[in-house]
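Source file model_36.pdb; content: PDB, C-alpha atoms.
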```
ATOM      1  CA  MET A1078       0.000   0.000   0.000
ATOM      2  CA  PHE A1079       1.280   3.469  -0.858
ATOM      3  CA  ASP A1080       2.645   5.975   1.663
ATOM      4  CA  PHE A1081       0.342   8.983   1.284
ATOM      5  CA  LEU A1082       2.795  11.494   2.746
ATOM      6  CA  ALA A1083       5.802  10.248   0.777
ATOM      7  CA  GLU A1084       3.820  10.322  -2.453
ATOM      8  CA  THR A1085       2.473  13.808  -1.707
ATOM      9  CA  LEU A1086       5.951  15.163  -0.980
ATOM     10  CA  ALA A1087       7.210  13.657  -4.247
ATOM     11  CA  GLY A1088       4.822  15.716  -6.385
ATOM     12  CA  ASP A1089       1.255  16.134  -7.629
ATOM     13  CA  GLU A1090       1.075  12.893  -9.626
ATOM     14  CA  ILE A1091      -1.657  10.604  -8.285
ATOM     15  CA  ILE A1092      -0.673   7.012  -9.076
ATOM     16  CA  ASP A1093      -3.848   5.369  -7.756
ATOM     17  CA  ALA A1094      -6.921   7.613  -7.914
ATOM     18  CA  SER A1095      -9.371   5.238  -6.221
ATOM     19  CA  GLY A1096      -9.689   1.771  -4.767
ATOM     20  CA  GLU A1097     -11.078  -0.393  -2.008
ATOM     21  CA  THR A1098      -9.510  -1.823   1.096
ATOM     22  CA  GLY A1099     -11.664  -4.217   3.046
ATOM     23  CA  ASP A1100     -15.065  -2.589   3.489
ATOM     24  CA  VAL A1101     -13.799   0.946   2.810
ATOM     25  CA  ALA A1102     -13.790   2.653  -0.585
ATOM     26  CA  TRP A1103     -11.291   5.469  -1.084
ATOM     27  CA  SER A1104     -10.663   8.128  -3.698
ATOM     28  CA  ARG A1105      -8.185  10.945  -4.292
ATOM     29  CA  PRO A1106      -9.943  13.864  -6.009
ATOM     30  CA  GLU A1107      -6.934  16.216  -5.783
ATOM     31  CA  PRO A1108      -3.272  15.974  -4.759
ATOM     32  CA  GLY A1109      -2.994  15.909  -0.984
ATOM     33  CA  VAL A1110      -6.647  14.937  -0.517
ATOM     34  CA  MET A1111      -8.171  11.539   0.245
ATOM     35  CA  ILE A1112     -11.774  10.509   0.863
ATOM     36  CA  PHE A1113     -12.816   7.322   2.686
ATOM     37  CA  GLU A1114     -16.333   5.895   2.696
ATOM     38  CA  PRO A1115     -17.337   2.714   4.562
ATOM     39  CA  SER A1116     -19.523   0.344   2.552
ATOM     40  CA  CYS A1117     -21.717  -0.373   5.582
ATOM     41  CA  GLY A1118     -22.964   3.226   5.729
ATOM     42  CA  TYR A1119     -21.981   6.131   7.932
ATOM     43  CA  SER A1120     -23.473   8.589  10.397
ATOM     44  CA  GLN A1121     -21.239  11.689   9.976
ATOM     45  CA  ASN A1122     -19.235  13.622   7.391
ATOM     46  CA  ILE A1123     -15.879  14.495   8.970
ATOM     47  CA  ILE A1124     -12.919  16.476   7.624
ATOM     48  CA  ILE A1125      -9.456  16.307   9.186
ATOM     49  CA  SER A1126      -6.928  18.727   7.715
ATOM     50  CA  ALA A1127      -3.297  19.695   8.273
ATOM     51  CA  ALA A1128      -0.466  21.505   6.467
ATOM     52  CA  ILE A1129      -2.483  24.646   5.843
ATOM     53  CA  HIS A1130       0.946  25.906   6.905
ATOM     54  CA  GLY A1131       3.501  23.727   5.184
ATOM     55  CA  ASN A1132       6.110  23.539   7.972
ATOM     56  CA  GLU A1133       3.715  22.275  10.652
ATOM     57  CA  THR A1134       4.843  18.685  10.457
ATOM     58  CA  ALA A1135       3.591  16.968  13.639
ATOM     59  CA  PRO A1136      -0.088  17.011  12.557
ATOM     60  CA  ILE A1137       0.928  15.846   9.077
ATOM     61  CA  GLU A1138       2.728  12.838  10.562
ATOM     62  CA  ILE A1139      -0.197  12.085  12.891
ATOM     63  CA  ILE A1140      -2.691  12.144  10.020
ATOM     64  CA  ASN A1141      -0.434  10.137   7.714
ATOM     65  CA  ARG A1142      -0.236   7.398  10.336
ATOM     66  CA  LEU A1143      -4.028   7.478  10.658
ATOM     67  CA  ILE A1144      -4.386   7.073   6.876
ATOM     68  CA  GLY A1145      -1.989   4.118   6.912
ATOM     69  CA  ASP A1146      -3.931   2.466   9.714
ATOM     70  CA  ILE A1147      -7.227   2.863   7.825
ATOM     71  CA  LEU A1148      -5.715   1.377   4.665
ATOM     72  CA  ASN A1149      -4.281  -1.508   6.702
ATOM     73  CA  HIS A1150      -7.667  -2.319   8.314
ATOM     74  CA  GLN A1151      -6.599  -1.347  11.832
ATOM     75  CA  TYR A1152      -9.911   0.341  12.693
ATOM     76  CA  PRO A1153     -13.561  -0.116  11.702
ATOM     77  CA  LEU A1154     -14.315   3.175   9.950
ATOM     78  CA  LYS A1155     -17.806   4.395  10.888
ATOM     79  CA  VAL A1156     -17.803   7.871   9.300
ATOM     80  CA  ARG A1157     -17.332   9.330   5.844
ATOM     81  CA  LEU A1158     -13.944  10.980   6.072
ATOM     82  CA  MET A1159     -11.981  13.485   4.012
ATOM     83  CA  VAL A1160      -8.315  14.048   4.855
ATOM     84  CA  ILE A1161      -6.581  17.162   3.520
ATOM     85  CA  PHE A1162      -2.968  18.258   3.326
ATOM     86  CA  GLY A1163      -3.303  21.948   2.511
ATOM     87  CA  ASN A1164      -0.283  23.864   1.245
ATOM     88  CA  LEU A1165       1.572  21.171  -0.681
ATOM     89  CA  GLU A1166       4.234  23.364  -2.239
ATOM     90  CA  ALA A1167       5.105  24.874   1.139
ATOM     91  CA  MET A1168       5.237  21.340   2.619
ATOM     92  CA  ARG A1169       7.770  20.318  -0.003
ATOM     93  CA  LYS A1170       9.930  23.365   0.675
ATOM     94  CA  GLY A1171       9.621  23.195   4.466
ATOM     95  CA  GLU A1172       8.107  26.684   4.533
ATOM     96  CA  ARG A1173       5.083  28.122   6.319
ATOM     97  CA  TYR A1174       3.791  29.516   3.021
ATOM     98  CA  LEU A1175       5.151  30.781  -0.298
ATOM     99  CA  LYS A1176       3.432  34.096  -1.081
ATOM    100  CA  VAL A1177       0.538  34.536   1.329
ATOM    101  CA  ASP A1178      -0.737  32.738   4.433
ATOM    102  CA  LEU A1179      -3.258  30.150   3.223
ATOM    103  CA  ASN A1180      -5.179  30.354   6.503
ATOM    104  CA  ARG A1181      -6.072  33.977   5.726
ATOM    105  CA  LEU A1182      -7.657  33.179   2.353
ATOM    106  CA  PHE A1183     -10.840  31.210   3.025
ATOM    107  CA  SER A1184     -14.441  32.435   2.787
ATOM    108  CA  ASP A1185     -13.396  33.919  -0.590
ATOM    109  CA  HIS A1186     -10.707  36.159   0.921
ATOM    110  CA  TYR A1187      -8.362  34.764  -1.726
ATOM    111  CA  LEU A1188     -10.134  37.064  -4.198
ATOM    112  CA  GLN A1189      -8.534  40.043  -2.431
ATOM    113  CA  HIS A1190      -5.017  38.928  -3.354
ATOM    114  CA  GLU A1191      -2.938  38.637  -6.485
ATOM    115  CA  CYS A1192      -3.233  35.182  -8.039
ATOM    116  CA  CYS A1193      -0.613  32.739  -6.721
ATOM    117  CA  TYR A1194      -0.335  29.120  -5.600
ATOM    118  CA  GLU A1195      -2.020  29.792  -2.240
ATOM    119  CA  THR A1196      -4.995  31.674  -3.712
ATOM    120  CA  LYS A1197      -5.613  28.868  -6.205
ATOM    121  CA  ARG A1198      -5.265  26.241  -3.498
ATOM    122  CA  ALA A1199      -7.753  28.067  -1.249
ATOM    123  CA  ALA A1200     -10.304  28.098  -4.077
ATOM    124  CA  THR A1201      -9.711  24.380  -4.682
ATOM    125  CA  LEU A1202     -10.069  23.462  -1.016
ATOM    126  CA  GLN A1203     -13.269  25.496  -0.653
ATOM    127  CA  GLN A1204     -14.795  23.599  -3.579
ATOM    128  CA  LEU A1205     -13.639  20.247  -2.216
ATOM    129  CA  VAL A1206     -15.282  20.971   1.141
ATOM    130  CA  ALA A1207     -18.510  22.057  -0.590
ATOM    131  CA  ASN A1208     -18.537  18.894  -2.712
ATOM    132  CA  PHE A1209     -17.814  16.669   0.268
ATOM    133  CA  TYR A1210     -20.554  18.093   2.472
ATOM    134  CA  SER A1211     -23.089  18.066  -0.387
ATOM    135  CA  ILE A1212     -23.260  14.265  -0.082
ATOM    136  CA  GLY A1213     -25.310  13.144   2.891
ATOM    137  CA  PRO A1214     -26.443  16.708   3.654
ATOM    138  CA  ASP A1215     -28.705  15.506   6.462
ATOM    139  CA  LYS A1216     -25.808  14.030   8.430
ATOM    140  CA  PRO A1217     -23.810  15.871  11.125
ATOM    141  CA  ARG A1218     -20.629  17.572   9.928
ATOM    142  CA  ALA A1219     -17.333  18.168  11.678
ATOM    143  CA  HIS A1220     -13.961  19.645  10.737
ATOM    144  CA  PHE A1221     -10.771  19.599  12.775
ATOM    145  CA  ASP A1222      -7.891  21.618  11.325
ATOM    146  CA  LEU A1223      -4.568  20.596  12.897
ATOM    147  CA  HIS A1224      -1.671  23.059  13.252
ATOM    148  CA  THR A1225       1.464  23.746  15.270
ATOM    149  CA  ALA A1226       2.539  27.140  16.588
ATOM    150  CA  ILE A1227       5.552  29.177  15.430
ATOM    151  CA  ARG A1228       6.766  29.710  18.989
ATOM    152  CA  ALA A1229       6.670  27.905  22.308
ATOM    153  CA  SER A1230       3.417  27.898  24.255
ATOM    154  CA  ARG A1231       2.461  27.763  27.926
ATOM    155  CA  HIS A1232      -0.276  25.377  26.784
ATOM    156  CA  ILE A1233       1.339  22.673  24.637
ATOM    157  CA  ALA A1234      -1.936  21.699  22.968
ATOM    158  CA  PHE A1235      -4.898  24.042  22.634
ATOM    159  CA  GLY A1236      -7.902  24.694  20.417
ATOM    160  CA  LEU A1237      -9.419  27.731  18.755
ATOM    161  CA  LEU A1238     -13.188  27.735  18.352
ATOM    162  CA  PRO A1239     -14.444  29.731  15.354
ATOM    163  CA  TYR A1240     -16.815  32.608  15.989
ATOM    164  CA  GLN A1241     -20.486  31.664  16.259
ATOM    165  CA  ALA A1242     -23.036  34.460  16.025
ATOM    166  CA  SER A1243     -25.332  32.412  18.285
ATOM    167  CA  GLY A1244     -22.564  31.880  20.832
ATOM    168  CA  CYS A1245     -23.513  28.194  20.886
ATOM    169  CA  TYR A1246     -21.169  25.232  20.532
ATOM    170  CA  GLN A1247     -21.952  21.524  20.398
ATOM    171  CA  ALA A1248     -21.494  19.868  23.779
ATOM    172  CA  THR A1249     -20.359  16.649  22.061
ATOM    173  CA  MET A1250     -17.517  18.520  20.353
ATOM    174  CA  ILE A1251     -16.398  20.161  23.610
ATOM    175  CA  THR A1252     -16.460  16.737  25.303
ATOM    176  CA  TRP A1253     -14.284  15.338  22.511
ATOM    177  CA  LEU A1254     -11.859  18.268  22.803
ATOM    178  CA  GLN A1255     -11.590  17.647  26.537
ATOM    179  CA  SER A1256     -10.860  13.973  25.901
ATOM    180  CA  VAL A1257      -7.859  14.518  23.614
ATOM    181  CA  GLY A1258      -5.746  16.249  26.233
ATOM    182  CA  LEU A1259      -6.097  19.875  25.210
ATOM    183  CA  GLU A1260      -4.998  22.280  27.915
ATOM    184  CA  ALA A1261      -6.899  25.356  26.713
ATOM    185  CA  LEU A1262      -9.600  26.670  24.405
ATOM    186  CA  VAL A1263      -9.671  30.089  22.753
ATOM    187  CA  VAL A1264     -13.063  31.436  21.638
ATOM    188  CA  ASN A1265     -12.907  33.773  18.656
ATOM    189  CA  HIS A1266     -14.968  36.942  18.801
ATOM    190  CA  ALA A1267     -15.506  37.736  15.097
ATOM    191  CA  PRO A1268     -15.643  36.178  11.625
ATOM    192  CA  ALA A1269     -12.274  35.193  10.188
ATOM    193  CA  ALA A1270     -10.648  33.966   6.978
ATOM    194  CA  THR A1271      -9.488  30.689   8.520
ATOM    195  CA  PHE A1272     -10.271  27.208   7.234
ATOM    196  CA  SER A1273     -12.180  26.177  10.369
ATOM    197  CA  TYR A1274     -14.358  29.311  10.296
ATOM    198  CA  PHE A1275     -15.164  28.649   6.624
ATOM    199  CA  SER A1276     -16.459  25.117   7.276
ATOM    200  CA  SER A1277     -18.332  26.247  10.376
ATOM    201  CA  HIS A1278     -19.955  29.329   8.868
ATOM    202  CA  GLN A1279     -20.691  28.020   5.375
ATOM    203  CA  PHE A1280     -21.720  24.455   6.211
ATOM    204  CA  GLY A1281     -22.631  24.390   9.894
ATOM    205  CA  ALA A1282     -19.788  22.010  10.727
ATOM    206  CA  ASN A1283     -18.621  21.541  14.291
ATOM    207  CA  SER A1284     -15.179  22.992  13.656
ATOM    208  CA  CYS A1285     -12.077  23.699  15.674
ATOM    209  CA  THR A1286      -8.463  24.611  14.951
ATOM    210  CA  LEU A1287      -6.100  22.467  17.037
ATOM    211  CA  GLU A1288      -2.593  23.735  17.854
ATOM    212  CA  LEU A1289      -0.169  20.943  18.737
ATOM    213  CA  GLY A1290       3.232  21.989  20.028
ATOM    214  CA  LYS A1291       5.847  23.888  18.044
ATOM    215  CA  ALA A1292       6.745  23.603  14.347
ATOM    216  CA  LYS A1293       9.709  21.286  13.707
ATOM    217  CA  PRO A1294      11.182  19.579  10.619
ATOM    218  CA  PHE A1295       9.855  16.179   9.535
ATOM    219  CA  GLY A1296      11.167  13.367  11.713
ATOM    220  CA  GLN A1297      11.968  15.565  14.720
ATOM    221  CA  ASN A1298       8.558  15.453  16.391
ATOM    222  CA  ASP A1299       7.891  13.548  19.598
ATOM    223  CA  LEU A1300       4.469  12.251  18.621
ATOM    224  CA  GLN A1301       4.088  10.551  21.999
ATOM    225  CA  GLN A1302       3.248  13.931  23.561
ATOM    226  CA  PHE A1303       0.213  14.005  21.265
ATOM    227  CA  SER A1304      -1.026  10.490  22.066
ATOM    228  CA  GLY A1305      -4.298  11.983  23.301
ATOM    229  CA  ILE A1306      -4.947  13.626  19.929
ATOM    230  CA  ASN A1307      -4.014  10.441  18.089
ATOM    231  CA  GLN A1308      -6.392   8.329  20.172
ATOM    232  CA  GLY A1309      -9.061  11.031  19.927
ATOM    233  CA  LEU A1310      -8.954  10.913  16.127
ATOM    234  CA  ILE A1311      -9.255   7.126  16.216
ATOM    235  CA  ASN A1312     -12.259   7.426  18.561
ATOM    236  CA  LEU A1313     -13.756  10.057  16.250
ATOM    237  CA  ILE A1314     -13.639   7.989  13.060
ATOM    238  CA  THR A1315     -14.662   4.738  14.784
ATOM    239  CA  GLU A1316     -17.326   6.477  16.889
ATOM    240  CA  GLN A1317     -15.934   5.218  20.166
ATOM    241  CA  THR A1318     -16.980   6.996  23.350
ATOM    242  CA  PRO A1319     -14.298   9.579  24.283
ATOM    243  CA  ASP A1320     -12.216   8.915  27.382
ATOM    244  CA  THR A1321     -12.921  12.082  29.353
ATOM    245  CA  SER A1322     -10.536  10.998  32.115
ATOM    246  CA  ILE A1323      -7.573  12.094  29.931
ATOM    247  CA  GLY A1324      -8.119  15.795  30.511
ATOM    248  CA  ASN A1325     -11.294  17.269  31.950
ATOM    249  CA  THR A1326      -9.887  20.672  32.892
ATOM    250  CA  LEU A1327      -9.671  23.294  30.164
ATOM    251  CA  THR A1328      -8.460  26.839  30.618
ATOM    252  CA  VAL A1329     -10.747  29.008  28.499
ATOM    253  CA  TYR A1330      -9.866  32.345  26.922
ATOM    254  CA  LYS A1331     -11.815  34.765  24.773
ATOM    255  CA  VAL A1332     -10.316  37.039  22.141
ATOM    256  CA  ALA A1333     -10.492  40.581  23.491
ATOM    257  CA  GLU A1334      -8.835  42.301  20.533
ATOM    258  CA  VAL A1335      -7.055  41.515  17.287
ATOM    259  CA  ILE A1336      -3.651  43.200  16.986
ATOM    260  CA  SER A1337      -3.239  44.266  13.361
ATOM    261  CA  LYS A1338      -0.188  45.578  11.550
ATOM    262  CA  ARG A1339      -1.478  48.667   9.760
ATOM    263  CA  SER A1340       1.782  50.315   8.680
ATOM    264  CA  GLU A1341       5.569  50.040   8.788
ATOM    265  CA  GLN A1342       5.418  52.093  12.001
ATOM    266  CA  PHE A1343       3.972  49.075  13.809
ATOM    267  CA  ILE A1344       5.836  48.144  17.012
ATOM    268  CA  LEU A1345       5.193  44.925  18.922
ATOM    269  CA  ASN A1346       6.279  45.199  22.562
ATOM    270  CA  VAL A1347       6.580  41.458  23.042
ATOM    271  CA  ALA A1348       9.921  39.652  23.233
ATOM    272  CA  ASP A1349      10.810  37.410  20.325
ATOM    273  CA  ASP A1350      11.033  34.430  22.668
ATOM    274  CA  ALA A1351       7.800  35.157  24.595
ATOM    275  CA  ALA A1352       5.607  32.071  24.722
ATOM    276  CA  ASN A1353       1.983  32.006  23.623
ATOM    277  CA  PHE A1354      -0.333  32.794  26.569
ATOM    278  CA  THR A1355       2.282  34.951  28.315
ATOM    279  CA  ALA A1356       0.444  37.246  30.749
ATOM    280  CA  PHE A1357       0.707  41.055  30.800
ATOM    281  CA  PRO A1358      -0.710  43.394  33.469
ATOM    282  CA  LYS A1359      -3.534  45.863  33.058
ATOM    283  CA  GLY A1360      -2.371  48.981  31.241
ATOM    284  CA  PHE A1361       0.514  47.331  29.401
ATOM    285  CA  ILE A1362       0.776  48.452  25.756
ATOM    286  CA  LEU A1363       1.304  45.279  23.760
ATOM    287  CA  ALA A1364       1.699  47.054  20.428
ATOM    288  CA  SER A1365       1.323  50.414  18.766
ATOM    289  CA  ASP A1366       0.923  51.737  15.249
ATOM    290  CA  ARG A1367       0.695  55.221  13.802
ATOM    291  CA  ASP A1368      -2.924  55.721  14.899
ATOM    292  CA  VAL A1369      -3.632  53.070  17.530
ATOM    293  CA  LYS A1370      -2.363  51.501  20.766
ATOM    294  CA  TYR A1371      -3.205  47.967  21.813
ATOM    295  CA  GLN A1372      -3.460  48.100  25.579
ATOM    296  CA  VAL A1373      -4.430  45.478  28.157
ATOM    297  CA  LYS A1374      -7.747  46.584  29.648
ATOM    298  CA  ALA A1375      -8.579  43.613  31.894
ATOM    299  CA  GLU A1376      -6.763  42.746  35.110
ATOM    300  CA  ASN A1377      -4.538  40.478  33.048
ATOM    301  CA  GLY A1378      -4.153  40.085  29.314
ATOM    302  CA  TYR A1379      -2.604  37.189  27.426
ATOM    303  CA  ILE A1380      -0.836  37.230  24.076
ATOM    304  CA  LEU A1381      -1.403  34.625  21.381
ATOM    305  CA  PHE A1382       0.421  34.297  18.033
ATOM    306  CA  PRO A1383       2.537  37.467  18.353
ATOM    307  CA  ASN A1384       4.353  38.010  15.056
ATOM    308  CA  ASN A1385       6.029  41.283  14.116
ATOM    309  CA  LYS A1386       6.996  39.977  10.674
ATOM    310  CA  VAL A1387       3.545  39.730   9.110
ATOM    311  CA  LYS A1388       2.654  41.814   6.084
ATOM    312  CA  ILE A1389       0.788  45.105   6.459
ATOM    313  CA  GLY A1390      -2.923  44.478   6.842
ATOM    314  CA  PHE A1391      -2.496  41.108   8.551
ATOM    315  CA  ARG A1392      -2.940  39.961  12.133
ATOM    316  CA  ALA A1393       0.143  40.398  14.322
ATOM    317  CA  GLY A1394      -1.319  38.762  17.420
ATOM    318  CA  LEU A1395      -4.393  38.217  19.572
ATOM    319  CA  LEU A1396      -5.043  39.807  22.967
ATOM    320  CA  LEU A1397      -6.920  37.349  25.169
ATOM    321  CA  SER A1398      -8.829  37.539  28.432
ATOM    322  CA  LYS A1399      -9.663  34.664  30.767
ATOM    323  CA  ALA A1400     -13.077  32.990  30.728
ATOM    324  CA  ASP A1401     -14.326  29.521  31.663
ATOM    325  CA  LEU A1402     -16.433  26.734  30.215
ATOM    326  CA  SER A1403     -19.558  28.138  31.837
ATOM    327  CA  ALA A1404     -19.162  31.160  29.524
ATOM    328  CA  LEU A1405     -19.866  28.888  26.542
ATOM    329  CA  THR A1406     -23.426  28.018  25.581
ATOM    330  CA  LEU A1407     -23.435  24.273  24.892
ATOM    331  CA  VAL A1408     -26.227  22.641  22.911
TER
END
```

Take the structure in the file and give it back as structure tokens.
Amino acid sequence: MFDFLAETLAGDEIIDASGETGDVAWSRPEPGVMIFEPSCGYSQNIIISAAIHGNETAPIEIINRLIGDILNHQYPLKVRLMVIFGNLEAMRKGERYLKVDLNRLFSDHYLQHECCYETKRAATLQQLVANFYSIGPDKPRAHFDLHTAIRASRHIAFGLLPYQASGCYQATMITWLQSVGLEALVVNHAPAATFSYFSSHQFGANSCTLELGKAKPFGQNDLQQFSGINQGLINLITEQTPDTSIGNTLTVYKVAEVISKRSEQFILNVADDAANFTAFPKGFILASDRDVKYQVKAENGYILFPNNKVKIGFRAGLLLSKADLSALTLV
């Protein structure tokens, strides 16, 4: 049986476009994409994606192992599943992206940029998601987009919930997130151009971005520290009851403000080696630009994804405030 990751890294040629293994039919509609459908029927349409940033290798390796296990009949697949490796060219070069951050291009935001590999890939992935969810439209939908962070984090594994106008999130999804060993959840406060927001907003999928450790080259990841995620994905696709004893306590944050780089005068007052979720006291000015100051207004503020090197007009960080699970409306 082929090695999906090795073949993807080698180029866009698809040697085997479809086939069957045991009671599972599979197809490969695009490079870096694979769809599995059990012959005995299914109850959910689930998407698992990684490599929206090409250098985030741990999730890629986790998903590749999951694909191999499905093809080798290790688990009884109970869901219809699409697996996506996003930015293939960046994967092959070991880069985060080539021209523009792919995770800022969904929900048609790619139309705002000059045509390049990432804009074309965003359009392709949007169509693939639409096609996938159009089959079995009455069945529940989920999407988990796996990433790693650029810098170290005070929470090794955490999730980002896309903005919901209703403020409601599925209790079953939160239970699953608790079971995989996440240490924290961040609740977004506004629409975004991310992949998980696109699937949530456009198709009503239970979506979440998962951040797993720090970006490292292929082969240098300690996947054992993500054993909870690995087992959680197996439970998800086999519809096994999550083991909530793995991690019931989640620190919850809400996005208080998006720090945007508006001009070349932008200054980020955060050390280059500051970890995600570093705390800053009330009144501290996290960043400033020619016409704005980003100041901590709560008793404590927390920084997430600080990045002084982004292009003008892009997010340079998120200012967070503490919340708790009771602040989420679960349905």

Requested in this report: May I have the residues within 7 Å of Leu1182 of chain A as a list in words, using only C-alpha atoms and disregarding those fewer than 3 positions away in the same chain?
Outcome: Leu1179, Asp1185, His1186, Tyr1187, Thr1196, Ala1199, Ala1270 and Thr1271 of chain A

Query raised in the report: On this structure, which residues satisfy the PyMOL selection byres ((chain A and resi 1123) around 6), written as a list of chain:residue names?
Result: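 When the PyMOL selection byres ((chain A and resi 1123) around 6) is applied, the selected residues are A:Asn1122, A:Ile1124, A:Leu1158, A:Arg1218, A:Ala1219, A:His1220.
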
Report task. Name the residues that the PyMOL selection byres ((chain A and resi 1140) around 9) picks from the file above, as a VMD selection string, using the file's chain letters and numbers. Result -> chain A and resid 1125 to 1127 1135 to 1139 1141 to 1145 1160 1307 1310

Report task. Quote the spacing between atom CA of Asp1093 of chain A and atom CA of Ser1273 of chain A in Å to one decimal place. Result -> 28.8 Å

Query raised in the report: So what does the PyMOL selection byres ((chain A and resi 1112) around 7) actually pick up in this one, as a ChimeraX atom specification?
Result: /A:1103-1105,1110-1111,1113-1114,1158-1160

Could you please take those selected residues and save C-alpha atoms as an mmCIF file, keeping the file's coordinate frame?
```cif
data_model
loop_
_atom_site.group_PDB
_atom_site.id
_atom_site.type_symbol
_atom_site.label_atom_id
_atom_site.label_comp_id
_atom_site.auth_asym_id
_atom_site.auth_seq_id
_atom_site.Cartn_x
_atom_site.Cartn_y
_atom_site.Cartn_z
ATOM 1 C CA TRP A 1103 -11.291 5.469 -1.084
ATOM 2 C CA SER A 1104 -10.663 8.128 -3.698
ATOM 3 C CA ARG A 1105 -8.185 10.945 -4.292
ATOM 4 C CA VAL A 1110 -6.647 14.937 -0.517
ATOM 5 C CA MET A 1111 -8.171 11.539 0.245
ATOM 6 C CA PHE A 1113 -12.816 7.322 2.686
ATOM 7 C CA GLU A 1114 -16.333 5.895 2.696
ATOM 8 C CA LEU A 1158 -13.944 10.980 6.072
ATOM 9 C CA MET A 1159 -11.981 13.485 4.012
ATOM 10 C CA VAL A 1160 -8.315 14.048 4.855
#
```

Find the smallest box with edges along x, y and z containing every listed atom of segment 1149-1167 of chain A, then add 3 Å on each side and report centre and edge lengths in Å to one decimal, as JSON.
```
{"center_x": -6.4, "center_y": 11.3, "center_z": 5.2, "size_x": 28.9, "size_y": 33.2, "size_z": 20.9}
```

Query raised in the report: Looking at A:Val1347, A:Val1257, A:Leu1237, A:Val1408, which one is nearest to Tyr1379 of chain A, with distances taken over all atoms listed in the file?
Result: A:Val1347

Query raised in the report: Which protein, DNA or RNA residues have an atom at most 12 Å from (-9.6, 31.3, 1.2), counting only C-alpha atoms? List them as a ChimeraX atom specification.
Result: /A:1129,1163-1164,1177-1190,1192,1194-1204,1206,1269-1276

Store the residues picked out above in a file with C-alpha atoms, as a compact mmCIF listing (two decimals), in the coordinates of the input.
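Done, and the output landed in result_1.txt:
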```
# COMPACT_ATOMS: atom_id res chain seq x y z
CA ILE A 1129 -2.48 24.65 5.84
CA GLY A 1163 -3.30 21.95 2.51
CA ASN A 1164 -0.28 23.86 1.25
CA VAL A 1177 0.54 34.54 1.33
CA ASP A 1178 -0.74 32.74 4.43
CA LEU A 1179 -3.26 30.15 3.22
CA ASN A 1180 -5.18 30.35 6.50
CA ARG A 1181 -6.07 33.98 5.73
CA LEU A 1182 -7.66 33.18 2.35
CA PHE A 1183 -10.84 31.21 3.02
CA SER A 1184 -14.44 32.44 2.79
CA ASP A 1185 -13.40 33.92 -0.59
CA HIS A 1186 -10.71 36.16 0.92
CA TYR A 1187 -8.36 34.76 -1.73
CA LEU A 1188 -10.13 37.06 -4.20
CA GLN A 1189 -8.53 40.04 -2.43
CA HIS A 1190 -5.02 38.93 -3.35
CA CYS A 1192 -3.23 35.18 -8.04
CA TYR A 1194 -0.34 29.12 -5.60
CA GLU A 1195 -2.02 29.79 -2.24
CA THR A 1196 -5.00 31.67 -3.71
CA LYS A 1197 -5.61 28.87 -6.20
CA ARG A 1198 -5.26 26.24 -3.50
CA ALA A 1199 -7.75 28.07 -1.25
CA ALA A 1200 -10.30 28.10 -4.08
CA THR A 1201 -9.71 24.38 -4.68
CA LEU A 1202 -10.07 23.46 -1.02
CA GLN A 1203 -13.27 25.50 -0.65
CA GLN A 1204 -14.80 23.60 -3.58
CA VAL A 1206 -15.28 20.97 1.14
CA ALA A 1269 -12.27 35.19 10.19
CA ALA A 1270 -10.65 33.97 6.98
CA THR A 1271 -9.49 30.69 8.52
CA PHE A 1272 -10.27 27.21 7.23
CA SER A 1273 -12.18 26.18 10.37
CA TYR A 1274 -14.36 29.31 10.30
CA PHE A 1275 -15.16 28.65 6.62
CA SER A 1276 -16.46 25.12 7.28
```

**Report entry** Non-local contacts of Leu1165 of chain A (8 Å; only C-alpha atoms; under 6 positions in same chain excluded) as a VMD selection string
**Finding:** chain A and resid 1085 to 1086 1109 1128 1131

Report task. In Å, rounded to a single decimal, give me how far atom CA of Leu1205 of chain A is from atom CA of Pro1106 of chain A. Result ->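 It comes out at 8.3 Å.
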
Distance cut-off 8 Å, centre (-9.9, 33.9, 33.8) in file coordinates, counting all atoms listed in the file: which residues qualify? Return them as a short mmCIF file (atom, residue, chain, number, x, y, z; two decimals) with C-alpha atoms, in the coordinates of the input.
```cif
data_model
loop_
_atom_site.label_atom_id
_atom_site.label_comp_id
_atom_site.auth_asym_id
_atom_site.auth_seq_id
_atom_site.Cartn_x
_atom_site.Cartn_y
_atom_site.Cartn_z
CA THR A 1328 -8.46 26.84 30.62
CA VAL A 1329 -10.75 29.01 28.50
CA TYR A 1330 -9.87 32.34 26.92
CA SER A 1398 -8.83 37.54 28.43
CA LYS A 1399 -9.66 34.66 30.77
CA ALA A 1400 -13.08 32.99 30.73
CA ASP A 1401 -14.33 29.52 31.66
#
```

Query raised in the report: Excluding same-chain residues fewer than 2 positions from segment 1360-1374 of chain A, what lies within 6 Å of it counting all atoms listed in the file, as a list in words?
Result: Gln1342, Phe1343, Ile1344, Leu1345, Asn1346, Pro1358 and Gly1378 of chain A

Query raised in the report: So how far away is atom CA of Leu1395 of chain A from atom CA of Cys1193 of chain A, in Å?
Result: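 Separation between atom CA of Cys1193 of chain A and atom CA of Leu1395 of chain A: 27.1 Å.
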
Report task. May I ask which of the residues A:Cys1245, A:Thr1225, A:Asn1149, A:Lys1386 is the closest one to Pro1294 of chain A, counting all atoms listed in the file? Result -> A:Thr1225
